[in-house]
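Undergrad: Contents are PDB, C-alpha atoms and all ligand atoms; file name final.pdb:
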```pdb
ATOM      1  CA  MET A   1     147.369 -18.666 -30.742
ATOM      2  CA  LYS A   2     149.464 -21.803 -30.257
ATOM      3  CA  LYS A   3     148.271 -23.956 -27.362
ATOM      4  CA  ARG A   4     150.623 -24.346 -24.417
ATOM      5  CA  SER A   5     151.550 -27.774 -23.048
ATOM      6  CA  VAL A   6     150.950 -27.541 -19.309
ATOM      7  CA  ILE A   7     151.860 -29.568 -16.224
ATOM      8  CA  LEU A   8     149.902 -28.514 -13.139
ATOM      9  CA  ASP A   9     151.499 -29.243  -9.763
ATOM     10  CA  CYS A  10     149.241 -28.665  -6.750
ATOM     11  CA  ASP A  11     148.198 -29.459  -3.160
ATOM     12  CA  PRO A  12     144.390 -29.152  -3.177
ATOM     13  CA  GLY A  13     143.275 -27.069  -1.168
ATOM     14  CA  GLN A  14     140.040 -25.180  -2.039
ATOM     15  CA  ASP A  15     141.869 -22.541  -4.092
ATOM     16  CA  ASP A  16     143.914 -25.217  -5.897
ATOM     17  CA  ALA A  17     140.600 -26.935  -6.662
ATOM     18  CA  VAL A  18     139.177 -23.805  -8.300
ATOM     19  CA  ALA A  19     142.456 -23.435 -10.229
ATOM     20  CA  ILE A  20     142.178 -27.014 -11.498
ATOM     21  CA  LEU A  21     138.582 -26.386 -12.606
ATOM     22  CA  LEU A  22     139.668 -23.236 -14.451
ATOM     23  CA  ALA A  23     142.384 -25.282 -16.171
ATOM     24  CA  LEU A  24     139.915 -28.023 -17.114
ATOM     25  CA  SER A  25     137.634 -25.426 -18.678
ATOM     26  CA  SER A  26     140.440 -23.914 -20.753
ATOM     27  CA  THR A  27     141.120 -26.577 -23.387
ATOM     28  CA  GLU A  28     141.129 -23.828 -26.025
ATOM     29  CA  ASN A  29     144.222 -22.301 -24.379
ATOM     30  CA  PHE A  30     146.292 -25.306 -23.364
ATOM     31  CA  ASP A  31     146.792 -29.052 -23.337
ATOM     32  CA  LEU A  32     146.911 -30.275 -19.759
ATOM     33  CA  LEU A  33     149.554 -33.026 -19.906
ATOM     34  CA  GLY A  34     148.940 -34.098 -16.330
ATOM     35  CA  ILE A  35     148.332 -33.026 -12.752
ATOM     36  CA  THR A  36     150.996 -33.759 -10.138
ATOM     37  CA  ALA A  37     150.188 -33.658  -6.436
ATOM     38  CA  VAL A  38     152.502 -32.708  -3.597
ATOM     39  CA  ALA A  39     152.146 -32.619   0.181
ATOM     40  CA  GLY A  40     151.227 -29.146   1.400
ATOM     41  CA  ASN A  41     147.858 -27.925   2.594
ATOM     42  CA  VAL A  42     147.132 -31.512   3.655
ATOM     43  CA  PRO A  43     149.223 -34.719   3.407
ATOM     44  CA  LEU A  44     149.950 -36.232  -0.016
ATOM     45  CA  SER A  45     147.410 -39.067   0.200
ATOM     46  CA  ILE A  46     144.690 -36.408   0.489
ATOM     47  CA  THR A  47     146.042 -33.928  -2.093
ATOM     48  CA  GLU A  48     146.334 -36.617  -4.759
ATOM     49  CA  SER A  49     142.836 -37.967  -4.137
ATOM     50  CA  ASN A  50     141.447 -34.414  -4.083
ATOM     51  CA  ALA A  51     143.056 -33.749  -7.472
ATOM     52  CA  ARG A  52     141.187 -36.784  -8.818
ATOM     53  CA  ARG A  53     137.925 -35.729  -7.118
ATOM     54  CA  ILE A  54     138.136 -32.333  -8.805
ATOM     55  CA  CYS A  55     138.883 -33.837 -12.232
ATOM     56  CA  GLU A  56     135.790 -35.993 -11.878
ATOM     57  CA  LEU A  57     133.748 -33.005 -10.733
ATOM     58  CA  GLY A  58     134.926 -31.166 -13.851
ATOM     59  CA  GLY A  59     133.906 -34.085 -16.064
ATOM     60  CA  ARG A  60     137.500 -35.005 -16.931
ATOM     61  CA  PRO A  61     138.267 -38.457 -15.454
ATOM     62  CA  ASP A  62     140.671 -38.900 -18.397
ATOM     63  CA  ILE A  63     143.234 -36.467 -16.919
ATOM     64  CA  LYS A  64     146.373 -38.179 -15.636
ATOM     65  CA  VAL A  65     147.011 -37.534 -11.936
ATOM     66  CA  PHE A  66     150.352 -38.449 -10.332
ATOM     67  CA  ALA A  67     151.423 -38.488  -6.683
ATOM     68  CA  GLY A  68     154.752 -36.863  -5.864
ATOM     69  CA  ALA A  69     156.705 -35.905  -2.763
ATOM     70  CA  SER A  70     155.170 -36.617   0.630
ATOM     71  CA  GLN A  71     157.718 -34.459   2.486
ATOM     72  CA  PRO A  72     159.657 -31.248   1.811
ATOM     73  CA  LEU A  73     163.334 -31.650   0.853
ATOM     74  CA  MET A  74     164.874 -30.865   4.233
ATOM     75  CA  ARG A  75     162.241 -29.729   6.698
ATOM     76  CA  LYS A  76     159.337 -31.386   8.458
ATOM     77  CA  LEU A  77     156.040 -31.058   6.612
ATOM     78  CA  VAL A  78     153.791 -28.256   7.838
ATOM     79  CA  THR A  79     150.142 -28.555   6.753
ATOM     80  CA  ALA A  80     147.269 -26.049   6.897
ATOM     81  CA  GLU A  81     144.137 -27.870   8.012
ATOM     82  CA  TRP A  82     143.241 -24.877  10.152
ATOM     83  CA  ILE A  83     142.594 -22.970   6.921
ATOM     84  CA  HIS A  84     141.437 -25.688   4.514
ATOM     85  CA  GLY A  85     139.814 -28.163   6.910
ATOM     86  CA  LYS A  86     140.714 -31.805   7.470
ATOM     87  CA  THR A  87     139.857 -32.825   3.900
ATOM     88  CA  GLY A  88     141.711 -29.872   2.321
ATOM     89  CA  ILE A  89     138.555 -29.070   0.372
ATOM     90  CA  ASP A  90     136.038 -28.782   3.224
ATOM     91  CA  GLY A  91     132.753 -27.396   1.946
ATOM     92  CA  ALA A  92     132.886 -29.265  -1.384
ATOM     93  CA  ASP A  93     131.317 -32.497  -0.194
ATOM     94  CA  LEU A  94     132.588 -34.691  -3.043
ATOM     95  CA  PRO A  95     132.571 -38.505  -3.241
ATOM     96  CA  ASP A  96     135.727 -40.611  -3.243
ATOM     97  CA  PRO A  97     137.311 -40.640  -6.706
ATOM     98  CA  VAL A  98     136.887 -43.588  -9.070
ATOM     99  CA  MET A  99     139.496 -42.614 -11.669
ATOM    100  CA  PRO A 100     142.869 -44.218 -11.009
ATOM    101  CA  LEU A 101     146.036 -42.632  -9.691
ATOM    102  CA  GLN A 102     148.838 -43.110 -12.256
ATOM    103  CA  ASP A 103     151.575 -45.590 -11.326
ATOM    104  CA  ASP A 104     154.507 -43.281 -12.138
ATOM    105  CA  HIS A 105     155.911 -40.927  -9.529
ATOM    106  CA  ALA A 106     155.106 -37.272 -10.253
ATOM    107  CA  VAL A 107     158.805 -36.400 -10.489
ATOM    108  CA  ASP A 108     159.367 -39.053 -13.183
ATOM    109  CA  PHE A 109     156.293 -37.860 -15.069
ATOM    110  CA  ILE A 110     157.634 -34.283 -15.066
ATOM    111  CA  ILE A 111     161.016 -35.524 -16.281
ATOM    112  CA  SER A 112     159.678 -37.803 -19.044
ATOM    113  CA  SER A 113     157.205 -35.147 -20.283
ATOM    114  CA  CYS A 114     159.964 -32.561 -20.501
ATOM    115  CA  MET A 115     162.589 -34.862 -21.997
ATOM    116  CA  SER A 116     160.290 -35.912 -24.841
ATOM    117  CA  ALA A 117     159.345 -32.296 -25.644
ATOM    118  CA  PRO A 118     161.095 -29.672 -27.776
ATOM    119  CA  ASP A 119     163.131 -26.959 -26.068
ATOM    120  CA  LYS A 120     161.138 -24.148 -24.392
ATOM    121  CA  SER A 121     157.811 -25.911 -24.895
ATOM    122  CA  ILE A 122     156.514 -26.917 -21.449
ATOM    123  CA  THR A 123     154.725 -24.568 -19.053
ATOM    124  CA  VAL A 124     154.725 -25.699 -15.424
ATOM    125  CA  CYS A 125     152.212 -24.283 -12.941
ATOM    126  CA  LEU A 126     153.205 -24.600  -9.284
ATOM    127  CA  LEU A 127     150.334 -24.102  -6.841
ATOM    128  CA  GLY A 128     151.891 -25.622  -3.732
ATOM    129  CA  PRO A 129     155.326 -26.214  -2.194
ATOM    130  CA  MET A 130     157.848 -26.616  -5.038
ATOM    131  CA  THR A 131     159.216 -29.996  -3.913
ATOM    132  CA  ASN A 132     158.251 -32.010  -7.020
ATOM    133  CA  MET A 133     159.709 -29.458  -9.438
ATOM    134  CA  ALA A 134     162.946 -29.110  -7.471
ATOM    135  CA  LEU A 135     163.384 -32.879  -7.268
ATOM    136  CA  ALA A 136     162.832 -33.181 -11.029
ATOM    137  CA  MET A 137     165.443 -30.475 -11.703
ATOM    138  CA  VAL A 138     167.977 -32.173  -9.447
ATOM    139  CA  LYS A 139     167.299 -35.658 -10.802
ATOM    140  CA  GLU A 140     167.435 -34.568 -14.461
ATOM    141  CA  PRO A 141     168.906 -31.079 -15.006
ATOM    142  CA  ARG A 142     168.437 -31.468 -18.768
ATOM    143  CA  ILE A 143     164.728 -30.659 -18.276
ATOM    144  CA  VAL A 144     165.522 -27.004 -17.569
ATOM    145  CA  PRO A 145     165.876 -25.897 -21.224
ATOM    146  CA  LYS A 146     162.671 -27.770 -22.102
ATOM    147  CA  ILE A 147     160.627 -25.464 -19.890
ATOM    148  CA  TYR A 148     159.094 -22.395 -21.541
ATOM    149  CA  GLU A 149     158.182 -20.878 -18.192
ATOM    150  CA  ILE A 150     157.136 -21.675 -14.643
ATOM    151  CA  VAL A 151     154.166 -19.759 -13.274
ATOM    152  CA  CYS A 152     153.819 -20.165  -9.524
ATOM    153  CA  MET A 153     151.739 -19.012  -6.581
ATOM    154  CA  GLY A 154     154.041 -18.204  -3.727
ATOM    155  CA  GLY A 155     155.836 -15.591  -1.722
ATOM    156  CA  ALA A 156     155.121 -12.184  -0.285
ATOM    157  CA  VAL A 157     157.141  -9.263  -1.563
ATOM    158  CA  LYS A 158     155.871  -5.913  -0.274
ATOM    159  CA  GLU A 159     153.175  -7.702   1.733
ATOM    160  CA  LEU A 160     154.003  -9.616   4.921
ATOM    161  CA  GLY A 161     153.765 -13.402   5.133
ATOM    162  CA  ASN A 162     150.693 -15.485   5.941
ATOM    163  CA  THR A 163     152.465 -18.370   7.709
ATOM    164  CA  THR A 164     155.192 -16.464   9.527
ATOM    165  CA  PRO A 165     155.543 -12.669   9.541
ATOM    166  CA  ALA A 166     158.164 -13.127   6.816
ATOM    167  CA  ALA A 167     156.950 -16.052   4.721
ATOM    168  CA  GLU A 168     154.037 -17.217   2.626
ATOM    169  CA  PHE A 169     152.852 -20.836   3.062
ATOM    170  CA  ASN A 170     154.055 -22.483  -0.188
ATOM    171  CA  ILE A 171     157.577 -21.108   0.129
ATOM    172  CA  TYR A 172     157.741 -21.586   3.903
ATOM    173  CA  VAL A 173     156.843 -25.284   3.657
ATOM    174  CA  ASP A 174     159.728 -26.065   1.310
ATOM    175  CA  PRO A 175     162.105 -23.105   1.061
ATOM    176  CA  HIS A 176     164.981 -25.279  -0.192
ATOM    177  CA  ALA A 177     162.874 -26.475  -3.115
ATOM    178  CA  ALA A 178     161.868 -22.890  -3.902
ATOM    179  CA  LYS A 179     165.537 -21.892  -3.880
ATOM    180  CA  ILE A 180     166.405 -24.618  -6.395
ATOM    181  CA  VAL A 181     163.591 -23.509  -8.711
ATOM    182  CA  VAL A 182     164.325 -19.778  -8.405
ATOM    183  CA  ASP A 183     168.080 -20.286  -8.901
ATOM    184  CA  SER A 184     167.551 -22.588 -11.920
ATOM    185  CA  ASP A 185     167.410 -19.749 -14.473
ATOM    186  CA  VAL A 186     164.050 -20.991 -15.767
ATOM    187  CA  PRO A 187     161.808 -18.046 -16.743
ATOM    188  CA  LEU A 188     159.708 -17.571 -13.605
ATOM    189  CA  ILE A 189     156.439 -15.715 -13.090
ATOM    190  CA  MET A 190     155.372 -15.398  -9.479
ATOM    191  CA  MET A 191     151.957 -14.603  -7.995
ATOM    192  CA  PRO A 192     152.739 -13.608  -4.389
ATOM    193  CA  LEU A 193     150.266 -12.524  -1.701
ATOM    194  CA  ASP A 194     150.698  -8.955  -3.004
ATOM    195  CA  VAL A 195     148.461  -9.848  -5.933
ATOM    196  CA  THR A 196     146.379 -12.731  -4.570
ATOM    197  CA  HIS A 197     145.212 -10.619  -1.623
ATOM    198  CA  LYS A 198     143.486  -8.443  -4.229
ATOM    199  CA  ALA A 199     141.544 -11.409  -5.668
ATOM    200  CA  LEU A 200     138.919 -11.542  -2.928
ATOM    201  CA  VAL A 201     135.800 -13.694  -3.041
ATOM    202  CA  THR A 202     133.400 -10.978  -1.831
ATOM    203  CA  PRO A 203     129.816 -11.991  -0.944
ATOM    204  CA  SER A 204     128.533 -11.011  -4.405
ATOM    205  CA  ARG A 205     131.304 -12.948  -6.172
ATOM    206  CA  LEU A 206     130.575 -15.946  -3.971
ATOM    207  CA  GLN A 207     126.937 -15.663  -5.026
ATOM    208  CA  ASP A 208     128.035 -15.633  -8.695
ATOM    209  CA  PHE A 209     129.636 -19.061  -8.175
ATOM    210  CA  LYS A 210     126.519 -20.377  -6.430
ATOM    211  CA  ASN A 211     124.309 -18.970  -9.205
ATOM    212  CA  LEU A 212     126.015 -21.244 -11.724
ATOM    213  CA  ASN A 213     123.589 -23.774 -10.330
ATOM    214  CA  SER A 214     125.631 -26.760 -11.408
ATOM    215  CA  PRO A 215     127.658 -29.389  -9.530
ATOM    216  CA  VAL A 216     130.785 -27.270 -10.156
ATOM    217  CA  GLY A 217     129.057 -24.072  -9.004
ATOM    218  CA  ASN A 218     127.683 -25.746  -5.888
ATOM    219  CA  ALA A 219     131.047 -27.280  -4.963
ATOM    220  CA  CYS A 220     132.843 -23.958  -5.499
ATOM    221  CA  GLY A 221     130.164 -22.123  -3.509
ATOM    222  CA  GLY A 222     130.519 -24.582  -0.620
ATOM    223  CA  MET A 223     134.325 -24.600  -0.676
ATOM    224  CA  LEU A 224     134.684 -20.844  -0.889
ATOM    225  CA  ASP A 225     132.104 -20.267   1.819
ATOM    226  CA  TYR A 226     134.318 -22.408   4.035
ATOM    227  CA  PHE A 227     137.623 -20.919   2.810
ATOM    228  CA  ASN A 228     136.461 -17.301   3.164
ATOM    229  CA  ARG A 229     135.965 -17.423   6.888
ATOM    230  CA  PHE A 230     139.671 -17.651   7.771
ATOM    231  CA  ASP A 231     140.989 -14.591   5.949
ATOM    232  CA  MET A 232     137.888 -12.513   6.652
ATOM    233  CA  THR A 233     138.452 -13.076  10.360
ATOM    234  CA  ARG A 234     142.231 -12.694  10.431
ATOM    235  CA  TYR A 235     142.734  -9.834   7.980
ATOM    236  CA  GLY A 236     139.315  -8.193   8.036
ATOM    237  CA  PHE A 237     139.094  -8.774   4.265
ATOM    238  CA  ASP A 238     135.785  -8.645   2.350
ATOM    239  CA  GLY A 239     136.355 -12.258   1.297
ATOM    240  CA  GLY A 240     138.985 -14.988   1.056
ATOM    241  CA  PRO A 241     141.819 -14.555  -1.465
ATOM    242  CA  LEU A 242     141.641 -16.873  -4.451
ATOM    243  CA  HIS A 243     145.406 -17.436  -4.601
ATOM    244  CA  ASP A 244     146.050 -20.329  -6.982
ATOM    245  CA  PRO A 245     143.557 -19.510  -9.769
ATOM    246  CA  CYS A 246     145.687 -16.387 -10.433
ATOM    247  CA  VAL A 247     148.309 -18.706 -11.942
ATOM    248  CA  ILE A 248     145.902 -20.290 -14.419
ATOM    249  CA  ALA A 249     144.217 -16.961 -15.225
ATOM    250  CA  TYR A 250     147.665 -15.597 -16.108
ATOM    251  CA  LEU A 251     148.063 -18.309 -18.765
ATOM    252  CA  ILE A 252     144.717 -17.379 -20.290
ATOM    253  CA  GLU A 253     144.652 -13.563 -19.994
ATOM    254  CA  PRO A 254     148.054 -12.263 -18.858
ATOM    255  CA  GLU A 255     146.859  -8.678 -19.374
ATOM    256  CA  ILE A 256     144.699  -9.045 -16.232
ATOM    257  CA  PHE A 257     147.935  -8.843 -14.190
ATOM    258  CA  ARG A 258     150.603  -6.225 -13.646
ATOM    259  CA  GLY A 259     154.085  -6.771 -12.270
ATOM    260  CA  ARG A 260     157.773  -6.089 -12.540
ATOM    261  CA  LYS A 261     160.928  -7.960 -13.534
ATOM    262  CA  VAL A 262     163.136  -8.139 -10.460
ATOM    263  CA  HIS A 263     165.934 -10.102  -8.863
ATOM    264  CA  LEU A 264     164.555 -12.669  -6.413
ATOM    265  CA  GLU A 265     166.246 -14.811  -3.759
ATOM    266  CA  ILE A 266     164.859 -17.226  -1.182
ATOM    267  CA  GLU A 267     165.900 -17.161   2.475
ATOM    268  CA  VAL A 268     166.972 -20.622   3.664
ATOM    269  CA  SER A 269     169.353 -19.829   6.560
ATOM    270  CA  SER A 270     167.568 -17.820   9.217
ATOM    271  CA  GLU A 271     164.836 -19.636  11.158
ATOM    272  CA  LEU A 272     163.241 -16.248  11.882
ATOM    273  CA  THR A 273     162.785 -15.322   8.216
ATOM    274  CA  MET A 274     162.866 -18.837   6.687
ATOM    275  CA  GLY A 275     161.173 -18.910   3.277
ATOM    276  CA  GLN A 276     161.109 -15.161   2.811
ATOM    277  CA  THR A 277     160.995 -14.108  -0.844
ATOM    278  CA  VAL A 278     163.552 -11.326  -0.976
ATOM    279  CA  ALA A 279     162.798  -9.376  -4.148
ATOM    280  CA  ASP A 280     164.784  -6.321  -5.163
ATOM    281  CA  TRP A 281     161.701  -4.297  -6.134
ATOM    282  CA  TRP A 282     163.650  -1.021  -6.535
ATOM    283  CA  ASN A 283     166.687  -2.643  -8.175
ATOM    284  CA  VAL A 284     168.970  -1.326  -5.441
ATOM    285  CA  GLU A 285     171.577  -4.022  -6.114
ATOM    286  CA  GLU A 286     171.302  -3.759  -9.900
ATOM    287  CA  LYS A 287     171.469  -7.536 -10.321
ATOM    288  CA  ILE A 288     170.053  -9.235 -13.399
ATOM    289  CA  PRO A 289     166.290  -9.871 -12.924
ATOM    290  CA  ASN A 290     165.362 -13.553 -12.634
ATOM    291  CA  ALA A 291     161.601 -13.331 -12.033
ATOM    292  CA  TYR A 292     158.522 -11.460 -13.168
ATOM    293  CA  ILE A 293     156.612 -10.756  -9.970
ATOM    294  CA  CYS A 294     152.981  -9.646 -10.104
ATOM    295  CA  ASP A 295     151.656  -7.178  -7.579
ATOM    296  CA  ASP A 296     148.305  -6.138  -9.022
ATOM    297  CA  LEU A 297     145.359  -7.433 -11.019
ATOM    298  CA  ASP A 298     142.061  -6.308 -12.482
ATOM    299  CA  SER A 299     139.887  -8.250 -10.055
ATOM    300  CA  GLU A 300     136.650  -7.650 -11.975
ATOM    301  CA  LYS A 301     138.134  -9.155 -15.149
ATOM    302  CA  PHE A 302     139.629 -12.011 -13.129
ATOM    303  CA  PHE A 303     136.314 -13.032 -11.566
ATOM    304  CA  ARG A 304     134.460 -12.550 -14.865
ATOM    305  CA  LEU A 305     136.899 -14.942 -16.533
ATOM    306  CA  LEU A 306     136.527 -17.467 -13.721
ATOM    307  CA  THR A 307     132.762 -17.590 -13.576
ATOM    308  CA  ARG A 308     132.429 -17.522 -17.375
ATOM    309  CA  ARG A 309     134.782 -20.460 -17.749
ATOM    310  CA  LEU A 310     133.431 -22.514 -14.825
ATOM    311  CA  ALA A 311     129.938 -22.118 -16.302
ATOM    312  CA  THR A 312     131.095 -24.268 -19.241
ATOM    313  CA  LEU A 313     131.900 -27.321 -17.080
TER     314      LEU A 313
HETATM  315  C1  LIG B 401     148.938 -20.767  -0.743
HETATM  316  O1  LIG B 401     148.972 -21.689   0.357
HETATM  317  C2  LIG B 401     147.871 -22.548   0.305
HETATM  318  O2  LIG B 401     147.193 -22.500   1.519
HETATM  319  C3  LIG B 401     147.005 -22.130  -0.863
HETATM  320  O3  LIG B 401     146.514 -23.263  -1.548
HETATM  321  C4  LIG B 401     147.937 -21.322  -1.730
HETATM  322  O4  LIG B 401     148.606 -22.130  -2.668
HETATM  323  C5  LIG B 401     148.629 -19.381  -0.218
HETATM  324  O5  LIG B 401     149.591 -18.976   0.705
HETATM  325 CA    CA B 402     147.939 -24.425  -3.134
END
```
Is it possible to give me this structure as structure tokens?
Ligand code: BDR
Ligand code: CA
TA:
Amino acid sequence: MKKRSVILDCDPGQDDAVAILLALSSTENFDLLGITAVAGNVPLSITESNARRICELGGRPDIKVFAGASQPLMRKLVTAEWIHGKTGIDGADLPDPVMPLQDDHAVDFIISSCMSAPDKSITVCLLGPMTNMALAMVKEPRIVPKIYEIVCMGGAVKELGNTTPAAEFNIYVDPHAAKIVVDSDVPLIMMPLDVTHKALVTPSRLQDFKNLNSPVGNACGGMLDYFNRFDMTRYGFDGGPLHDPCVIAYLIEPEIFRGRKVHLEIEVSSELTMGQTVADWWNVEEKIPNAYICDDLDSEKFFRLLTRRLATL
């Protein structure tokens, strides 16, 4: 199978961190062109240094990491320290990174990578608010045909939101950016809460990470121990949902996931439902579908893939 060329945009975040590690362990499936950081779970200065910490943890200090937008396009930044802790990756206990941050702005890196690539050749993974991608599309619209597909974590379709009753965190933080990306006509695959809430780090799965008995296994064990407590308390789940790794797992084994092609729009007018992902699941309006939205996964296969791959780091 031909390797994909991938740009990974993220706001680490414990679940972003596990997603990055899965990407680092998947060199047989794709070339990681670079990691771009955005403000989200924690401010930008922390997300970009966390991205570097995780690359070093994964033994890949050669990966290029770029800092991007420090604020959403139009709204005030909302962060989520109450879920992720002050460091964004509480529980990991990692040293400050040594590898450098790249000089270029993340948005310019996305643009130059796309512009020098053939049409339909770049896969972009969005694991946080979509600010960097939207800015790149606005600054250089000619990147759109260069993108093969965007795979993102965001939204809540049949499920309710996790940040407001209507909205999921990544879309709520920068709904205007999400609207630009969704309306761009780029092929879009979305992993909303409907699917990620089925990817739960149960006690035995948590133990599987710890049993790796490696720096990566220990860091994941510590981070997920910390991350689990929030959702287990609020939702009564058996474990915390591993949202962002669903995106990377989709690139490796898409057959783990099930979904539907639907028409999707983002709410940007009403404060009450700001950031809602309005998906026409039953095709009541008979509009042309613009997104493939996942709503189910084989969680056993998903966690098998994760622990098998992380064991190689
Ligand atoms: C999303 O928001 C963040 O807290 C997680 O990293 C994930 O990307 C889940 O709503
Ligand atoms: Ca994230």
Undergrad: Near A:Pro192, counting all atoms listed in the file, which residues have an atom at most 6 Å away, once you skip same-chain residues fewer than 4 positions from it, shown as a list in words?
TA: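 Near neighbours after the sequence-gap exclusion: Met153, Gly154, Gly155 and Ala156 of chain A.
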Undergrad: Quick check, in Å to one decimal: how far apart do atom C3 of ligand LIG 401 (chain B) and atom CA of A:Asn283 lie?
TA: 28.6 Å
Undergrad: Since I can't run it myself right now, could you work out what the PyMOL selection byres (((chain A and resi 113) around 12) and not hetatm) selects here and report it as number ranges by chain?
TA: A: 5-7, 32-36, 104, 106-112, 114-119, 121-124, 136, 140, 142-144, 146-147
Undergrad: Atom CA of A:Ala92 to atom CA of A:Gln71: how many Å, to one decimal?
TA: 25.7 Å
Undergrad: Once the PyMOL selection byres (((not hetatm)) within 9 of (chain B and resi 401)) has been applied to the shown file, what residues remain in the selection, as number ranges by chain?
TA: A: 10-17, 40-41, 79-81, 83-84, 126-129, 152-156, 161-163, 167-171, 192-193, 196, 241-244
Undergrad: Can you write out the residues you just picked, keeping C-alpha atoms, as a short mmCIF file (atom, residue, chain, number, x, y, z; two decimals), keeping the file's coordinate frame?
TA:
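Final output, result-v2.cif:
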```
data_model
loop_
_atom_site.label_atom_id
_atom_site.label_comp_id
_atom_site.auth_asym_id
_atom_site.auth_seq_id
_atom_site.Cartn_x
_atom_site.Cartn_y
_atom_site.Cartn_z
CA CYS A 10 149.24 -28.66 -6.75
CA ASP A 11 148.20 -29.46 -3.16
CA PRO A 12 144.39 -29.15 -3.18
CA GLY A 13 143.28 -27.07 -1.17
CA GLN A 14 140.04 -25.18 -2.04
CA ASP A 15 141.87 -22.54 -4.09
CA ASP A 16 143.91 -25.22 -5.90
CA ALA A 17 140.60 -26.94 -6.66
CA GLY A 40 151.23 -29.15 1.40
CA ASN A 41 147.86 -27.92 2.59
CA THR A 79 150.14 -28.56 6.75
CA ALA A 80 147.27 -26.05 6.90
CA GLU A 81 144.14 -27.87 8.01
CA ILE A 83 142.59 -22.97 6.92
CA HIS A 84 141.44 -25.69 4.51
CA LEU A 126 153.21 -24.60 -9.28
CA LEU A 127 150.33 -24.10 -6.84
CA GLY A 128 151.89 -25.62 -3.73
CA PRO A 129 155.33 -26.21 -2.19
CA CYS A 152 153.82 -20.16 -9.52
CA MET A 153 151.74 -19.01 -6.58
CA GLY A 154 154.04 -18.20 -3.73
CA GLY A 155 155.84 -15.59 -1.72
CA ALA A 156 155.12 -12.18 -0.28
CA GLY A 161 153.76 -13.40 5.13
CA ASN A 162 150.69 -15.48 5.94
CA THR A 163 152.46 -18.37 7.71
CA ALA A 167 156.95 -16.05 4.72
CA GLU A 168 154.04 -17.22 2.63
CA PHE A 169 152.85 -20.84 3.06
CA ASN A 170 154.06 -22.48 -0.19
CA ILE A 171 157.58 -21.11 0.13
CA PRO A 192 152.74 -13.61 -4.39
CA LEU A 193 150.27 -12.52 -1.70
CA THR A 196 146.38 -12.73 -4.57
CA PRO A 241 141.82 -14.56 -1.46
CA LEU A 242 141.64 -16.87 -4.45
CA HIS A 243 145.41 -17.44 -4.60
CA ASP A 244 146.05 -20.33 -6.98
#
```
Undergrad: Exactly which residues make up the result of the PyMOL selection byres (((chain A and resi 294) around 6) and not hetatm) on this file, given as a list in words?
TA: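 Residues picked by the PyMOL selection byres (((chain A and resi 294) around 6) and not hetatm): Met191, Arg258, Gly259, Ile293, Asp295 and Asp296 of chain A.
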Undergrad: With all atoms listed in the file as the basis for distance, which of A:Leu272, A:Leu297, A:Leu224, A:Ala178 is at the shortest distance from A:Lys198?
TA: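 Selected residue with least distance to A:Lys198: A:Leu297.
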Undergrad: Just how far from atom CA of A:Ser270 is atom CA of A:Val247, in Å to one decimal?
TA: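 The value is 28.6 Å.
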Undergrad: Looking at A:Ser26, A:Val42, A:Met133, A:Arg308, which one is nearest to A:Asn211, with distances taken over only C-alpha atoms?
TA: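 With only C-alpha atoms as the atom set, the closest residue is A:Arg308.
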Undergrad: Counting all atoms listed in the file, figure out which residue out of A:Gly221, A:Gly91, A:Pro254, A:Pro245 gets nearest to ligand CA 402 (chain B).
TA: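 Going through A:Gly221, A:Gly91, A:Pro254, A:Pro245 one by one, the smallest distance to ligand CA 402 (chain B) is for A:Pro245.
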Undergrad: Determine the nearest neighbour of ligand CA 402 (chain B) from the options A:Ala166, A:Val173, A:Val182, A:Met137, counting all atoms listed in the file.
TA: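 Of all the options, A:Val173 lies closest to ligand CA 402 (chain B).
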Undergrad: Output as lines of an AutoDock Vina configuration file the centre and edge lengths (Å, one decimal) of the box along x, y and z of the file that holds every listed atom of stretch 23-30 of chain A after adding 8 Å on each side.
TA:
```
center_x = 142.0
center_y = -25.2
center_z = -21.1
size_x = 24.7
size_y = 21.7
size_z = 25.9
```
Undergrad: So that I can see what lies close to A:Cys220, please list as a list in words the residues with an atom at most 8 Å from it, counting only C-alpha atoms and leaving out residues fewer than 2 positions away in the same chain.
TA: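 Final neighbour list, sorted by chain and number: Val18, Ala92, Phe209, Lys210, Val216, Gly217, Asn218, Gly222, Met223 and Leu224 of chain A.
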Undergrad: With all atoms listed in the file as the basis for distance, which of A:Ala279, A:Leu206, A:Ala69, A:Cys125 is at the shortest distance from ligand CA 402 (chain B)?
TA: A:Cys125
Undergrad: Counting all atoms listed in the file, which residue out of A:Ser70, A:Leu313, A:Thr27, A:Thr307 sits closest to A:Ser214?
TA: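 Once distances to A:Ser214 are computed over all atoms listed in the file, the minimum belongs to A:Leu313.
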Undergrad: Which polymer residues have any atom within 10 Å of an atom of A:Leu73, counting all atoms listed in the file, with same-chain residues fewer than 4 positions away left out, as a short mmCIF file (atom, residue, chain, number, x, y, z; two decimals) with C-alpha atoms, in the coordinates of the input?
TA:
```cif
data_model
loop_
_atom_site.label_atom_id
_atom_site.label_comp_id
_atom_site.auth_asym_id
_atom_site.auth_seq_id
_atom_site.Cartn_x
_atom_site.Cartn_y
_atom_site.Cartn_z
CA ALA A 69 156.71 -35.90 -2.76
CA LEU A 77 156.04 -31.06 6.61
CA MET A 130 157.85 -26.62 -5.04
CA THR A 131 159.22 -30.00 -3.91
CA ASN A 132 158.25 -32.01 -7.02
CA ALA A 134 162.95 -29.11 -7.47
CA LEU A 135 163.38 -32.88 -7.27
CA VAL A 173 156.84 -25.28 3.66
CA ASP A 174 159.73 -26.06 1.31
CA PRO A 175 162.10 -23.10 1.06
CA HIS A 176 164.98 -25.28 -0.19
CA ALA A 177 162.87 -26.48 -3.12
#
```
